[in-house]
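The structure file data.txt is reproduced below (compact mmCIF, C-alpha atoms and all ligand atoms).
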# COMPACT_ATOMS: atom_id res chain seq x y z
CA MET A 1 2.50 -12.49 16.81
CA CYS A 2 3.68 -9.95 19.25
CA GLN A 3 5.32 -6.83 18.18
CA ASN A 4 4.89 -3.28 19.17
CA LEU A 5 5.65 -0.47 16.90
CA PRO A 6 9.13 0.87 17.57
CA HIS A 7 9.66 2.98 20.59
CA GLY A 8 12.00 3.36 23.43
CA GLY A 9 11.97 5.90 26.15
CA ALA A 10 11.19 8.57 23.64
CA ARG A 11 9.43 11.52 25.05
CA VAL A 12 6.62 12.71 22.96
CA ASN A 13 5.63 16.30 23.26
CA GLU A 14 2.11 17.52 23.18
CA LYS A 15 2.25 18.65 19.61
CA GLY A 16 3.79 15.46 18.34
CA ILE A 17 7.25 14.91 17.00
CA SER A 18 8.46 13.70 13.71
CA ARG A 19 8.95 10.04 13.04
CA ARG A 20 12.68 10.55 12.56
CA LYS A 21 12.90 12.42 15.82
CA LEU A 22 10.92 9.69 17.46
CA LEU A 23 13.32 6.98 16.34
CA GLY A 24 16.36 9.13 16.94
CA GLY A 25 15.17 9.91 20.43
CA ALA A 26 14.50 6.28 21.08
CA ALA A 27 18.06 5.36 20.23
CA VAL A 28 19.58 7.49 22.96
CA ALA A 29 16.91 7.13 25.58
CA ALA A 30 16.87 4.57 28.31
CA PRO A 31 15.51 1.28 27.04
CA ALA A 32 12.30 1.66 28.93
CA VAL A 33 10.31 -0.24 26.42
CA VAL A 34 6.83 -0.82 27.58
CA GLY A 35 4.77 -3.57 26.08
CA LEU A 36 1.44 -1.97 25.52
CA GLY A 37 -1.19 -4.57 25.63
CA GLY A 38 -3.76 -2.29 24.27
CA LEU A 39 -4.40 1.26 23.44
CA ILE A 40 -3.66 3.89 25.98
CA SER A 41 -5.20 7.13 25.07
CA SER A 42 -3.46 9.74 27.06
CA ARG A 43 -1.38 12.80 27.23
CA GLY A 44 0.01 12.17 30.66
CA ALA A 45 1.36 8.73 29.90
CA SER A 46 3.50 10.03 27.12
CA ALA A 47 6.49 10.75 29.33
CA GLU A 48 6.49 7.33 30.93
CA GLY A 49 6.14 4.64 28.39
CA GLY A 50 7.47 6.08 25.22
CA HIS A 51 5.31 6.05 22.22
CA PRO A 52 5.25 3.91 19.22
CA LEU A 53 2.96 6.23 17.43
CA HIS A 54 1.45 9.50 18.20
CA GLY A 55 -1.17 8.69 15.67
CA THR A 56 -4.34 10.48 15.20
CA GLY A 57 -6.77 9.97 17.95
CA ASN A 58 -8.84 12.54 16.19
CA GLY A 59 -6.93 12.19 13.00
CA ALA A 60 -8.99 14.57 10.96
CA ALA A 61 -7.31 15.38 7.71
CA GLY A 62 -8.26 18.97 8.06
CA ALA A 63 -6.99 19.20 11.60
CA HIS A 64 -3.37 19.79 10.82
CA ALA A 65 -2.74 21.24 14.21
CA GLY A 66 -3.74 20.55 17.72
CA HIS A 67 -3.13 16.85 18.06
CA GLU A 68 -3.65 16.85 21.75
CA GLY A 69 -4.63 13.28 22.42
CA PHE A 70 -2.06 10.69 21.46
CA THR A 71 -3.08 7.18 20.71
CA HIS A 72 -0.72 4.31 21.16
CA ALA A 73 -0.68 1.49 18.72
CA THR A 74 0.37 -2.04 19.35
CA PHE A 75 0.08 -5.29 17.47
CA GLU A 76 0.79 -7.30 20.60
CA LYS A 77 -1.29 -10.44 21.03
CA GLY A 78 -2.29 -10.36 17.43
CA ARG A 79 -4.23 -7.18 17.84
CA GLU A 80 -5.56 -6.01 14.51
CA VAL A 81 -7.35 -3.11 12.99
CA ASN A 82 -11.09 -3.31 12.44
CA HIS A 83 -11.19 -4.43 8.83
CA ARG A 84 -14.97 -4.48 8.81
CA ALA A 85 -15.14 -0.84 9.79
CA ASN A 86 -12.46 -0.03 7.22
CA GLY A 87 -14.56 -1.76 4.58
CA PHE A 88 -11.53 -3.54 3.16
CA ASP A 89 -8.98 -6.09 4.25
CA PRO A 90 -5.37 -6.19 3.02
CA THR A 91 -5.57 -9.98 2.73
CA SER A 92 -8.46 -9.63 0.27
CA ILE A 93 -6.92 -6.66 -1.52
CA LEU A 94 -3.91 -8.82 -2.31
CA ARG A 95 -5.75 -10.98 -4.83
CA ASP A 96 -8.68 -8.70 -5.64
CA PHE A 97 -8.43 -7.78 -9.33
CA ASN A 98 -11.22 -5.61 -10.68
CA TYR A 99 -11.96 -6.44 -14.31
CA GLY A 100 -14.94 -4.06 -14.57
CA ARG A 101 -17.81 -4.62 -16.99
CA THR A 102 -17.21 -5.56 -20.59
CA ARG A 103 -19.07 -5.61 -23.88
CA ARG A 104 -17.99 -5.94 -27.45
CA LEU A 105 -18.16 -2.89 -29.69
CA ALA A 106 -19.32 -3.05 -33.33
CA SER A 107 -15.69 -2.95 -34.31
CA GLY A 108 -15.13 -6.18 -32.44
CA ARG A 109 -13.01 -4.50 -29.84
CA VAL A 110 -13.72 -5.05 -26.13
CA LEU A 111 -14.97 -2.04 -24.17
CA ARG A 112 -14.17 -2.31 -20.46
CA GLU A 113 -15.84 0.07 -17.99
CA TRP A 114 -15.59 0.96 -14.33
CA THR A 115 -17.25 3.46 -12.04
CA ILE A 116 -14.88 5.01 -9.54
CA ILE A 117 -16.16 7.22 -6.74
CA ALA A 118 -13.87 9.47 -4.73
CA GLU A 119 -15.03 9.82 -1.14
CA ASP A 120 -13.63 10.95 2.20
CA LYS A 121 -13.44 8.18 4.76
CA GLU A 122 -11.80 7.49 8.08
CA ILE A 123 -9.70 4.35 8.05
CA GLU A 124 -7.59 2.56 10.64
CA VAL A 125 -4.01 2.07 9.41
CA ALA A 126 -2.62 0.48 12.58
CA PRO A 127 -4.48 -0.63 15.70
CA GLY A 128 -6.00 2.52 17.15
CA VAL A 129 -4.43 4.79 14.55
CA ARG A 130 -7.17 6.38 12.52
CA TYR A 131 -6.64 8.52 9.49
CA GLU A 132 -9.06 10.67 7.53
CA ALA A 133 -8.31 9.20 4.14
CA TRP A 134 -9.48 10.22 0.72
CA THR A 135 -10.42 7.09 -1.16
CA TYR A 136 -11.35 5.66 -4.53
CA ASN A 137 -14.34 3.39 -3.99
CA GLY A 138 -13.93 3.47 -0.23
CA ARG A 139 -10.62 1.68 -0.03
CA VAL A 140 -6.90 2.38 0.12
CA PRO A 141 -5.34 1.50 -2.21
CA GLY A 142 -8.19 1.95 -4.68
CA PRO A 143 -9.38 -1.01 -6.72
CA THR A 144 -6.75 -2.82 -8.80
CA LEU A 145 -8.04 -2.13 -12.31
CA ARG A 146 -7.13 -4.84 -14.75
CA ALA A 147 -7.53 -4.93 -18.52
CA ARG A 148 -5.97 -6.49 -21.59
CA GLU A 149 -3.71 -4.74 -24.04
CA GLY A 150 -5.63 -3.10 -26.89
CA GLU A 151 -9.01 -2.87 -25.17
CA ARG A 152 -10.96 0.36 -25.00
CA LEU A 153 -11.24 1.53 -21.40
CA ARG A 154 -13.89 3.83 -20.00
CA ILE A 155 -13.72 5.04 -16.40
CA HIS A 156 -16.72 6.92 -15.03
CA PHE A 157 -15.31 9.10 -12.29
CA VAL A 158 -17.63 10.59 -9.66
CA ASN A 159 -16.22 13.04 -7.15
CA SER A 160 -18.22 12.60 -3.94
CA SER A 161 -15.42 14.03 -1.84
CA ASP A 162 -15.30 17.49 -0.31
CA HIS A 163 -12.20 18.31 -2.36
CA PRO A 164 -11.42 18.56 -6.07
CA HIS A 165 -9.75 15.44 -7.46
CA THR A 166 -8.84 13.70 -10.69
CA MET A 167 -7.80 10.31 -11.93
CA HIS A 168 -4.44 10.45 -13.63
CA PHE A 169 -3.56 7.15 -15.31
CA HIS A 170 -0.09 6.09 -16.30
CA GLY A 171 -0.16 4.81 -19.88
CA ILE A 172 -0.40 6.31 -23.36
CA HIS A 173 -3.42 8.54 -24.04
CA PRO A 174 -4.51 12.04 -25.22
CA SER A 175 -3.89 14.95 -22.84
CA LEU A 176 -7.62 15.48 -22.26
CA MET A 177 -7.71 12.03 -20.63
CA ASP A 178 -4.67 12.66 -18.47
CA GLY A 179 -6.45 13.83 -15.33
CA MET A 180 -4.44 17.03 -15.13
CA PRO A 181 -5.79 20.25 -13.61
CA GLY A 182 -5.66 23.03 -16.18
CA ILE A 183 -6.10 20.76 -19.15
CA GLY A 184 -9.59 20.50 -20.60
CA GLU A 185 -11.71 22.23 -17.96
CA GLY A 186 -13.80 23.77 -20.78
CA ARG A 187 -14.70 20.25 -21.86
CA GLY A 188 -15.44 18.95 -18.41
CA ALA A 189 -11.99 17.45 -17.90
CA GLY A 190 -9.09 18.74 -15.81
CA GLU A 191 -9.85 19.29 -12.14
CA ILE A 192 -13.10 17.55 -11.18
CA LEU A 193 -14.88 19.56 -8.51
CA PRO A 194 -16.88 18.07 -5.61
CA GLY A 195 -20.14 16.75 -6.99
CA ALA A 196 -18.88 16.70 -10.57
CA THR A 197 -18.18 13.73 -12.81
CA PHE A 198 -16.00 12.94 -15.79
CA THR A 199 -15.50 9.92 -18.01
CA TYR A 200 -11.94 9.03 -18.93
CA GLU A 201 -11.60 6.97 -22.08
CA PHE A 202 -8.45 5.61 -23.70
CA GLU A 203 -6.78 2.51 -25.00
CA ALA A 204 -5.14 -0.05 -22.72
CA THR A 205 -1.51 0.39 -23.73
CA PRO A 206 1.27 -0.47 -23.21
CA PHE A 207 0.95 -3.78 -21.40
CA GLY A 208 2.59 -3.74 -18.02
CA LEU A 209 2.03 -2.70 -14.45
CA HIS A 210 0.92 0.89 -14.11
CA LEU A 211 -0.91 3.00 -11.57
CA TYR A 212 -3.46 5.73 -11.28
CA HIS A 213 -3.67 8.53 -8.77
CA CYS A 214 -5.14 11.96 -8.18
CA HIS A 215 -3.14 14.83 -9.66
CA VAL A 216 -4.59 17.84 -7.87
CA ALA A 217 -2.24 20.16 -5.96
CA PRO A 218 -0.81 19.92 -3.41
CA LEU A 219 0.03 16.70 -5.14
CA ALA A 220 1.86 14.97 -2.30
CA ALA A 221 -1.06 15.57 0.04
CA HIS A 222 -3.68 14.30 -2.43
CA ILE A 223 -1.71 11.13 -3.09
CA ALA A 224 -0.67 10.60 0.53
CA HIS A 225 -4.30 10.77 1.61
CA GLY A 226 -4.97 7.55 -0.26
CA LEU A 227 -5.99 8.42 -3.81
CA TYR A 228 -4.06 5.81 -5.78
CA GLY A 229 -4.33 2.30 -7.08
CA ALA A 230 -2.65 -0.28 -9.30
CA PHE A 231 -3.55 -0.52 -12.97
CA ILE A 232 -2.58 -3.73 -14.74
CA VAL A 233 -2.61 -4.13 -18.51
CA ASP A 234 -2.14 -7.78 -19.38
CA PRO A 235 -0.19 -8.63 -22.52
CA LYS A 236 -2.35 -10.00 -25.36
CA GLN A 237 -0.75 -13.41 -25.01
CA GLY A 238 -1.07 -13.31 -21.21
CA ARG A 239 1.54 -14.40 -18.69
CA PRO A 240 2.21 -17.93 -17.44
CA GLU A 241 -0.26 -19.28 -14.87
CA ALA A 242 0.62 -18.11 -11.35
CA ASP A 243 -0.70 -17.22 -7.94
CA GLU A 244 -0.96 -13.47 -8.50
CA MET A 245 -1.10 -10.69 -5.96
CA VAL A 246 -0.79 -6.92 -5.85
CA MET A 247 1.29 -5.08 -3.29
CA VAL A 248 1.00 -1.32 -3.13
CA MET A 249 3.72 0.07 -0.90
CA ASN A 250 2.35 3.08 0.95
CA GLY A 251 2.62 5.10 4.13
CA PHE A 252 0.68 7.48 6.33
CA ASP A 253 1.62 10.84 7.72
CA THR A 254 -0.63 10.64 10.74
CA ASN A 255 0.47 13.90 12.35
CA PHE A 256 0.87 15.98 9.20
CA ASP A 257 4.56 16.74 9.67
CA LEU A 258 5.34 15.72 6.07
CA SER A 259 6.92 12.43 7.10
CA ASN A 260 5.27 9.06 7.56
CA GLU A 261 4.54 7.43 10.89
CA VAL A 262 3.18 4.18 9.45
CA TYR A 263 4.56 2.23 6.49
CA ALA A 264 2.78 -0.68 4.90
CA VAL A 265 1.91 -2.83 1.95
CA ASN A 266 -1.74 -2.33 1.12
CA THR A 267 -2.26 0.18 3.94
CA VAL A 268 -2.26 -1.66 7.28
CA GLY A 269 1.10 -1.81 9.05
CA PHE A 270 2.32 -5.33 9.92
CA HIS A 271 -0.88 -6.83 8.52
CA TYR A 272 0.93 -9.70 6.80
CA VAL A 273 2.81 -10.51 9.99
CA ASN A 274 -0.45 -11.03 11.81
CA ARG A 275 -1.90 -12.81 8.82
CA PRO A 276 0.90 -14.28 6.69
CA ILE A 277 0.26 -14.67 2.97
CA ASP A 278 -0.44 -18.33 2.19
CA VAL A 279 1.33 -19.63 -0.89
CA LYS A 280 1.94 -23.15 -2.20
CA ARG A 281 5.33 -24.74 -2.38
CA ASP A 282 6.83 -24.82 -5.90
CA GLU A 283 3.94 -22.79 -7.32
CA LEU A 284 4.83 -19.71 -9.34
CA VAL A 285 4.01 -16.55 -7.35
CA ARG A 286 3.69 -13.30 -9.26
CA ILE A 287 3.70 -10.02 -7.36
CA TYR A 288 2.61 -6.76 -8.92
CA LEU A 289 4.64 -4.33 -6.81
CA VAL A 290 3.88 -0.60 -6.91
CA ASN A 291 5.50 2.18 -4.89
CA VAL A 292 3.21 5.14 -4.16
CA LEU A 293 4.97 6.29 -1.02
CA GLU A 294 5.09 10.04 -0.45
CA TYR A 295 7.60 12.05 1.63
CA ASP A 296 10.36 9.45 1.17
CA PRO A 297 12.19 9.28 -2.14
CA LEU A 298 12.75 5.52 -2.18
CA ASN A 299 11.10 2.33 -1.07
CA SER A 300 12.18 -1.28 -1.46
CA PHE A 301 11.12 -4.91 -1.29
CA HIS A 302 13.29 -7.72 0.04
CA VAL A 303 12.35 -11.36 0.42
CA HIS A 304 14.14 -13.74 2.78
CA ALA A 305 15.63 -17.07 1.78
CA ASN A 306 14.61 -16.71 -1.85
CA PHE A 307 15.25 -14.88 -5.11
CA PHE A 308 12.87 -13.52 -7.74
CA GLN A 309 12.90 -12.56 -11.42
CA TYR A 310 12.24 -8.85 -11.81
CA HIS A 311 10.41 -7.20 -14.73
CA PRO A 312 10.59 -3.39 -14.36
CA THR A 313 7.19 -1.79 -15.11
CA GLY A 314 6.09 -5.24 -16.33
CA THR A 315 6.48 -4.07 -19.93
CA SER A 316 8.59 -7.03 -21.03
CA LEU A 317 8.10 -10.73 -20.42
CA THR A 318 11.86 -11.11 -20.15
CA PRO A 319 13.17 -10.29 -16.68
CA THR A 320 16.11 -7.93 -16.31
CA GLU A 321 17.36 -9.12 -12.95
CA TYR A 322 17.48 -12.14 -10.68
CA THR A 323 17.69 -10.76 -7.17
CA ASP A 324 16.25 -10.75 -3.66
CA THR A 325 15.92 -6.97 -3.29
CA VAL A 326 14.51 -4.25 -5.50
CA THR A 327 14.39 -0.50 -4.95
CA GLN A 328 11.69 1.73 -6.40
CA GLY A 329 11.29 5.51 -6.51
CA GLN A 330 7.86 7.12 -6.27
CA GLY A 331 5.60 5.84 -9.03
CA GLN A 332 7.95 3.04 -10.00
CA ARG A 333 6.62 -0.48 -10.17
CA GLY A 334 7.56 -3.92 -11.38
CA VAL A 335 6.50 -7.54 -11.64
CA LEU A 336 8.23 -10.13 -9.45
CA GLU A 337 8.12 -13.88 -10.09
CA MET A 338 9.35 -16.55 -7.71
CA LYS A 339 8.72 -20.03 -6.35
CA PHE A 340 9.20 -21.17 -2.78
CA PRO A 341 11.00 -24.55 -2.70
CA PHE A 342 10.62 -25.17 1.03
CA ASP A 343 7.74 -25.08 3.49
CA GLY A 344 7.97 -22.48 6.22
CA ASP A 345 7.46 -18.83 7.08
CA TYR A 346 9.49 -16.36 5.03
CA MET A 347 9.76 -12.72 5.90
CA PHE A 348 9.53 -9.95 3.34
CA HIS A 349 10.06 -6.31 4.17
CA ALA A 350 11.37 -2.95 3.03
CA HIS A 351 15.14 -3.06 3.09
CA VAL A 352 14.95 0.48 4.37
CA SER A 353 15.06 -0.80 7.94
CA GLU A 354 13.28 2.23 9.34
CA PHE A 355 10.23 1.50 7.19
CA ALA A 356 10.31 -2.17 8.16
CA GLU A 357 10.21 -1.24 11.82
CA LEU A 358 7.28 1.08 11.27
CA GLY A 359 5.02 -1.50 9.69
CA TRP A 360 6.42 -2.48 6.31
CA THR A 361 7.07 -6.13 7.16
CA GLY A 362 5.21 -9.35 6.43
CA PHE A 363 5.53 -13.09 6.00
CA PHE A 364 4.81 -15.59 3.28
CA ARG A 365 3.57 -18.89 4.68
CA VAL A 366 4.52 -21.80 2.47
CA GLY A 367 2.70 -25.10 2.87
CA ASN A 368 1.67 -25.90 6.39
CA PRO A 369 4.55 -25.05 8.69
CA SER A 370 4.46 -26.91 11.95
CA ARG A 371 3.35 -25.10 15.05
CA LEU A 372 6.97 -25.08 16.12
CA SER A 373 8.08 -23.38 12.94
CA THR A 374 5.38 -20.76 13.16
CA ALA A 375 6.05 -20.05 16.79
CA ALA A 376 9.76 -19.80 16.10
CA ALA A 377 9.22 -17.24 13.38
CA ALA A 378 7.01 -15.13 15.59
CA ALA A 379 9.41 -15.36 18.51
CA ALA A 380 12.37 -14.39 16.39
CA TYR A 381 10.48 -11.45 15.07
CA CYS A 382 9.64 -10.26 18.54
CA LYS A 383 13.29 -10.31 19.48
CA LEU A 384 14.06 -7.48 17.14
CA PRO A 385 15.48 -4.57 19.13
CA TRP A 386 12.33 -2.53 19.04
CA GLY A 387 10.02 -5.44 19.56
CA GLY A 388 9.40 -5.14 23.26
CA HIS A 389 12.45 -7.08 24.44
CA GLY A 390 14.77 -4.20 25.04
CA ARG A 391 17.09 -2.31 22.81
CA PRO A 392 20.81 -3.04 22.57
CA ALA A 393 23.04 -0.57 24.35
CU CU B 401 -7.11 14.73 -5.11
As structure tokens, the full file:
Amino acid sequence: MCQNLPHGGARVNEKGISRRKLLGGAAVAAPAVVGLGGLISSRGASAEGGHPLHGTGNGAAGAHAGHEGFTHATFEKGREVNHRANGFDPTSILRDFNYGRTRRLASGRVLREWTIIAEDKEIEVAPGVRYEAWTYNGRVPGPTLRAREGERLRIHFVNSSDHPHTMHFHGIHPSLMDGMPGIGEGRGAGEILPGATFTYEFEATPFGLHLYHCHVAPLAAHIAHGLYGAFIVDPKQGRPEADEMVMVMNGFDTNFDLSNEVYAVNTVGFHYVNRPIDVKRDELVRIYLVNVLEYDPLNSFHVHANFFQYHPTGTSLTPTEYTDTVTQGQGQRGVLEMKFPFDGDYMFHAHVSEFAELGWTGFFRVGNPSRLSTAAAAAAYCKLPWGGHGRPA
């Protein structure tokens, strides 16, 4: 796969420019697209090649100013981020459901427990683009917590970060368990300070696809730094057998200008282009899709050459729409179900084209496409205007 992040002859100033400015500048600049085979860490080169990303060479979350050294990201030649250093891999995250520990209470009810630790951690969100994230259990998104309707849930939260945080769950529960600063500090709840702990406990209801995230102010910054995850409550009767996966649509403001420079599903831009998601032909695929994007009001999911049944918030087993595109605001989520009737590579991406070009694009790989088919998909992808083959006049 060979695509660079979008850029043209855009001039990048020393302090960094916004993503919108970057793309806008690229549109009017000479099409001096330079295929960057690797990372060029420079200031001087910025005027020559144009810059896909002025991502954080230093990237420190606290260093909101003084981004002097720009780092250039490319996915050319299949270049990837260092998943081992990250400590997580979007391909694994896709089907990694965390059911916690269970035991049966005297009442007969199931008690399900997790321990979640907030910690600061540098992660790589695109090749060479490092970001000082705030994480739940060392990953972004945090673990996909999964329970069954009616169970008792207990989440032991440990704040090992340098900042106060909480865990705010979507669902139905008492205010003390809501992870809200200002509510319940006298009882150890509310804002959880560095080094402190709190145990959230509530019932798993209603069934559906929910999420959890930190709720400390400034809220956008705490969420954007990576403190979020999917929270699935299965219906008592379950759902039909399927190949299930979770997709958390997110983004990263790598230069702290309150807009995102990298967009992704499960954190790493273009990850599922480099490593398409393998699915079986005619097998039911169920996607738990969550939008946690900050700084943009809407996000979307579009699949090529196929349609899906859509269940908003997953709270009903009856779909409300048969479509190929769904739009979600911040915090919205839904369950998608589809089958792929033909072998081949099928693109999926945000139908907000700008996001797609900044990382929010992937492929499903159905069956075993021939080498020809795979190569054709990759080649077509690389012919996109920003993909290193020139930009239309
Ligand atoms: Cu926080």
Handout entry: Atom-to-atom span, atom CA of Gly128 of chain A and atom CA of Val292 of chain A, Å
Key =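 It comes out at 23.4 Å.
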Exercise for the section: Kindly indicate which residue among A:Asp257, A:Asp324, A:Glu337, A:Asp278 lies nearest to Ala350 of chain A, using all atoms listed in the file for the distances. Expected result: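 Nearest candidate to Ala350 of chain A out of A:Asp257, A:Asp324, A:Glu337, A:Asp278: A:Asp324.
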Exercise for the section: Dump the neighbourhood of ligand CU 401 (chain B) as a ChimeraX atom specification: all residues within 7 Å, distances computed on only C-alpha atoms and all ligand atoms. Expected result: /A:163-166,214-216,222-223,227
Write to file, as a PDB file, keeping the file's coordinate frame, the residues of the selection just made, with C-alpha atoms.
ATOM      1  CA  HIS A 163     -12.200  18.310  -2.360  1.00  0.00           C
ATOM      2  CA  PRO A 164     -11.420  18.560  -6.070  1.00  0.00           C
ATOM      3  CA  HIS A 165      -9.750  15.440  -7.460  1.00  0.00           C
ATOM      4  CA  THR A 166      -8.840  13.700 -10.690  1.00  0.00           C
ATOM      5  CA  CYS A 214      -5.140  11.960  -8.180  1.00  0.00           C
ATOM      6  CA  HIS A 215      -3.140  14.830  -9.660  1.00  0.00           C
ATOM      7  CA  VAL A 216      -4.590  17.840  -7.870  1.00  0.00           C
ATOM      8  CA  HIS A 222      -3.680  14.300  -2.430  1.00  0.00           C
ATOM      9  CA  ILE A 223      -1.710  11.130  -3.090  1.00  0.00           C
ATOM     10  CA  LEU A 227      -5.990   8.420  -3.810  1.00  0.00           C
TER      11      LEU A 227
END
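Residue nearest Ser316 of chain A within the list A:Pro235, A:Gly329, A:Gly138, A:Pro218: A:Pro235 [criterion: smallest interatomic distance, all atoms listed in the file].
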Exercise for the section: Take atom CA of Met338 of chain A and atom CA of Val326 of chain A and report the distance between them in Å, one decimal. Expected result: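 Straight-line distance from atom CA of Met338 of chain A to atom CA of Val326 of chain A works out to 13.5 Å.
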Problem - Long-range neighbours of Gly269 of chain A as a VMD selection string, 6 Å cut-off, all atoms listed in the file, 6 positions minimum in chain - result: chain A and resid 126 263 359
Quick one: write out the picked residues with C-alpha atoms as a short mmCIF file (atom, residue, chain, number, x, y, z; two decimals), keeping the file's coordinate frame?
data_model
loop_
_atom_site.label_atom_id
_atom_site.label_comp_id
_atom_site.auth_asym_id
_atom_site.auth_seq_id
_atom_site.Cartn_x
_atom_site.Cartn_y
_atom_site.Cartn_z
CA ALA A 126 -2.62 0.48 12.58
CA TYR A 263 4.56 2.23 6.49
CA GLY A 359 5.02 -1.50 9.69
#
Practice task
Select, from A:Arg333, A:Tyr228, A:Pro341, A:Ala221, the residue with the minimum atom-to-atom distance to Lys280 of chain A, counting only C-alpha atoms.
Solution key: A:Pro341
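Between atom CA of Gly251 of chain A and atom CA of Thr144 of chain A the separation is 17.8 Å.
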Problem - Given all atoms listed in the file as the counted atoms, nearest of A:Gly226, A:Pro194, A:Gly182, A:Gly188 to Glu122 of chain A - result: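 Under the stated criterion, the closest residue is A:Gly226.
Among A:Val352, A:Ala305, A:Ala204, A:Ala230, the residue with the shortest atom-to-atom distance to Gly142 of chain A, counting all atoms listed in the file, is A:Ala230.
The residue that comes closest to Gly171 of chain A, out of A:Leu219, A:Val285, A:Ile232, A:Ala224 and on the basis of only C-alpha atoms, is A:Ile232.
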Taking only C-alpha atoms into account, produce a table as a tab-separated table in which each residue of segment 231-337 of chain A with an atom at most 12 Å from an atom of segment 82-86 of chain A appears once, together with its shortest atom pair and the distance in Å to one decimal, ordered by chain and rising number.
residue	atom	partner	partner_atom	distance
A:Thr267	CA	A:Asn86	CA	10.7
A:Val268	CA	A:His83	CA	9.5
A:His271	CA	A:His83	CA	10.6
Handout entry: 10 Å contact set for Gly362 of chain A, all atoms listed in the file, chain neighbours under 2 positions out, as a ChimeraX atom specification
Key = /A:264-265,269-277,303,345-350,356,359-360,364-365
Practice task
Can you pull out every residue within 10 Å of Arg109 of chain A, counting only C-alpha atoms, but drop anything in the same chain fewer than 6 positions away, and send it as a ChimeraX atom specification?
Solution key: /A:103,150-152
Exercise for the section: Could you pull out every residue with an atom within 8 Å of (15.0, -9.5, -8.0), file coordinates, counting all atoms listed in the file, and send them as a list in words? Expected result: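 Nearby residues: Phe307, Phe308, Gln309, Tyr310, Glu321, Tyr322, Thr323, Asp324, Thr325, Val326 and Leu336 of chain A.
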Could those selected residues go to a file with C-alpha atoms, as a compact mmCIF listing (two decimals), keeping the file's coordinate frame?
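Everything below was put into out-v6.txt:
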# COMPACT_ATOMS: atom_id res chain seq x y z
CA PHE A 307 15.25 -14.88 -5.11
CA PHE A 308 12.87 -13.52 -7.74
CA GLN A 309 12.90 -12.56 -11.42
CA TYR A 310 12.24 -8.85 -11.81
CA GLU A 321 17.36 -9.12 -12.95
CA TYR A 322 17.48 -12.14 -10.68
CA THR A 323 17.69 -10.76 -7.17
CA ASP A 324 16.25 -10.75 -3.66
CA THR A 325 15.92 -6.97 -3.29
CA VAL A 326 14.51 -4.25 -5.50
CA LEU A 336 8.23 -10.13 -9.45
Practice task
With a distance cut-off of 8 Å and only C-alpha atoms, select the neighbouring residues of Arg281 of chain A, excluding the residue or stretch itself and same-chain residues fewer than 5 positions from it, and output the selection as a list of chain:residue names.
Solution key: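 Here the answer would be A:Lys339, A:Phe340, A:Pro341, A:Phe342, A:Asp343, A:Val366, A:Gly367.
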Put those residues in a file: C-alpha atoms, as a short mmCIF file (atom, residue, chain, number, x, y, z; two decimals), in the frame of the given file.
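Written output follows (again34.cif):
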data_model
loop_
_atom_site.label_atom_id
_atom_site.label_comp_id
_atom_site.auth_asym_id
_atom_site.auth_seq_id
_atom_site.Cartn_x
_atom_site.Cartn_y
_atom_site.Cartn_z
CA LYS A 339 8.72 -20.03 -6.35
CA PHE A 340 9.20 -21.17 -2.78
CA PRO A 341 11.00 -24.55 -2.70
CA PHE A 342 10.62 -25.17 1.03
CA ASP A 343 7.74 -25.08 3.49
CA VAL A 366 4.52 -21.80 2.47
CA GLY A 367 2.70 -25.10 2.87
#
Starting from the incomplete input, reconstruct N, CA and C atoms of segment 333-342 of chain A and report them as an mmCIF file, in the coordinates of the input.
data_model
loop_
_atom_site.group_PDB
_atom_site.id
_atom_site.type_symbol
_atom_site.label_atom_id
_atom_site.label_comp_id
_atom_site.auth_asym_id
_atom_site.auth_seq_id
_atom_site.Cartn_x
_atom_site.Cartn_y
_atom_site.Cartn_z
ATOM 1 N N ARG A 333 7.286 0.784 -10.448
ATOM 2 C CA ARG A 333 6.620 -0.480 -10.170
ATOM 3 C C ARG A 333 7.266 -1.571 -11.003
ATOM 4 N N GLY A 334 6.976 -2.809 -10.648
ATOM 5 C CA GLY A 334 7.560 -3.920 -11.380
ATOM 6 C C GLY A 334 6.874 -5.215 -11.017
ATOM 7 N N VAL A 335 7.112 -6.231 -11.847
ATOM 8 C CA VAL A 335 6.500 -7.540 -11.640
ATOM 9 C C VAL A 335 7.574 -8.514 -11.164
ATOM 10 N N LEU A 336 7.305 -9.180 -10.052
ATOM 11 C CA LEU A 336 8.230 -10.130 -9.450
ATOM 12 C C LEU A 336 7.680 -11.547 -9.644
ATOM 13 N N GLU A 337 8.551 -12.481 -9.980
ATOM 14 C CA GLU A 337 8.120 -13.880 -10.090
ATOM 15 C C GLU A 337 9.079 -14.768 -9.314
ATOM 16 N N MET A 338 8.505 -15.644 -8.501
ATOM 17 C CA MET A 338 9.350 -16.550 -7.710
ATOM 18 C C MET A 338 8.559 -17.794 -7.319
ATOM 19 N N LYS A 339 9.312 -18.822 -6.919
ATOM 20 C CA LYS A 339 8.720 -20.030 -6.350
ATOM 21 C C LYS A 339 9.390 -20.277 -5.002
ATOM 22 N N PHE A 340 8.637 -20.846 -4.092
ATOM 23 C CA PHE A 340 9.200 -21.170 -2.780
ATOM 24 C C PHE A 340 9.451 -22.683 -2.724
ATOM 25 N N PRO A 341 10.707 -23.109 -2.657
ATOM 26 C CA PRO A 341 11.000 -24.550 -2.700
ATOM 27 C C PRO A 341 10.854 -25.275 -1.370
ATOM 28 N N PHE A 342 10.710 -24.525 -0.289
ATOM 29 C CA PHE A 342 10.620 -25.170 1.030
ATOM 30 C C PHE A 342 9.405 -24.650 1.799
#
